[in-house]
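Visitor: Quick one: the structure is below, questions incoming.
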Amino acid sequence: MDATGARLLAARIAAGVRIGAVIELVADSGADLRAGDRGVVREFDATGAVIVEWERGFDSAIDPHQTPFRSLAA
């Protein structure tokens with residue numbers, strides 16, 4: 001595994017979710033995201049952010065350490 005792969009794996013482990021997981025925000029986060037918003041985890045970036053495709057029709061990155069969310073059962 002190269003350094004980038006290791007960083008992405010560490011980000012996934014730290015976030016506690018996998019690509020394809022459905023998550024729900026527990027609290028409001030920023031101007032565009034509200035508690036109860038749901039989305040699918042699409043990827044992780046090298047900084048550890050989780051890239052989510054939200055049901056409301058847009059993608060955004062969230063910091064798993066600053067944005068409270070929970071993983072929903074599949």
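Residue numbering restarts at 1 for every chain of the structure tokens, chains are lettered A, B, ... in their displayed order, and ligands are numbered from 1 as they appear.
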So which bits of chain A end up alpha helix (DSSP H) when you DSSP the backbone, as a PyMOL selection string?

Guide: chain A and resi 3-15

Visitor: So that I have them on file, write out the residues from the current selection with C-alpha atoms, as an mmCIF file, in the first residue's frame.

Guide:
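What landed in selection20.cif:
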data_model
loop_
_atom_site.group_PDB
_atom_site.id
_atom_site.type_symbol
_atom_site.label_atom_id
_atom_site.label_comp_id
_atom_site.auth_asym_id
_atom_site.auth_seq_id
_atom_site.Cartn_x
_atom_site.Cartn_y
_atom_site.Cartn_z
ATOM 1 C CA ALA A 3 1.230 6.530 1.323
ATOM 2 C CA THR A 4 -1.987 7.824 -0.251
ATOM 3 C CA GLY A 5 -3.736 4.495 0.241
ATOM 4 C CA ALA A 6 -2.620 4.430 3.852
ATOM 5 C CA ARG A 7 -3.989 7.952 4.462
ATOM 6 C CA LEU A 8 -7.328 7.048 2.888
ATOM 7 C CA LEU A 9 -7.576 3.860 4.939
ATOM 8 C CA ALA A 10 -6.781 5.821 8.104
ATOM 9 C CA ALA A 11 -9.482 8.366 7.195
ATOM 10 C CA ARG A 12 -12.062 5.596 6.706
ATOM 11 C CA ILE A 13 -11.182 3.987 10.022
ATOM 12 C CA ALA A 14 -11.263 7.342 11.851
ATOM 13 C CA ALA A 15 -14.670 8.212 10.359
#

Visitor: Nearest to Gln66 of chain A: which of A:Ala49, A:Glu43, A:Asp2, A:Asp37 is it, counting only C-alpha atoms?

Guide: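 Going through A:Ala49, A:Glu43, A:Asp2, A:Asp37 one by one, the smallest distance to Gln66 of chain A is for A:Ala49.
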
Visitor: Just give me the gap between atom CA of Asp28 of chain A and atom CA of His65 of chain A in Å, one decimal is fine.

Guide: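 Interatomic distance, atom CA of Asp28 of chain A to atom CA of His65 of chain A: 14.1 Å.
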
Visitor: With only C-alpha atoms as the counted atoms, please give the residues lying no more than 10 Å from Glu55 of chain A, apart from itself and same-chain residues fewer than 3 positions off, as a PyMOL selection string.

Guide: chain A and resi 37-40+52+58-59

Visitor: Nearest residue to Thr67 of chain A out of A:Val26, A:Ala31, A:Ile19, A:Ile51, using only C-alpha atoms?

Guide: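 Nearest to Thr67 of chain A: A:Val26.
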
Visitor: Atom CA of Pro64 of chain A to atom CA of Val50 of chain A: how many Å, to one decimal?

Guide: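 Calculated distance between atom CA of Pro64 of chain A and atom CA of Val50 of chain A is 6.8 Å.
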
Visitor: Quick check, in Å to one decimal: how far apart do atom CA of Val22 of chain A and atom CA of Ser71 of chain A lie?

Guide: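 It comes out at 6.0 Å.
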
Visitor: Just want the 7 Å neighbourhood of Arg70 of chain A, counted on only C-alpha atoms, with same-chain residues fewer than 5 positions away dropped. Output as an mmCIF file with C-alpha atoms, in the first residue's frame.

Guide:
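Once everything was written out, this is around19.cif:
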data_model
loop_
_atom_site.group_PDB
_atom_site.id
_atom_site.type_symbol
_atom_site.label_atom_id
_atom_site.label_comp_id
_atom_site.auth_asym_id
_atom_site.auth_seq_id
_atom_site.Cartn_x
_atom_site.Cartn_y
_atom_site.Cartn_z
ATOM 1 C CA ILE A 23 -25.367 8.381 7.074
ATOM 2 C CA GLU A 24 -27.667 10.855 8.778
ATOM 3 C CA LEU A 25 -26.615 14.146 10.335
ATOM 4 C CA VAL A 26 -27.357 14.430 14.038
#

Visitor: Using DSSP secondary structure from the backbone, list all strand (DSSP E or B) positions within chain A, as a PyMOL selection string.

Guide: chain A and resi 22-25+29+33+38-44+50-54+59-62+69-71
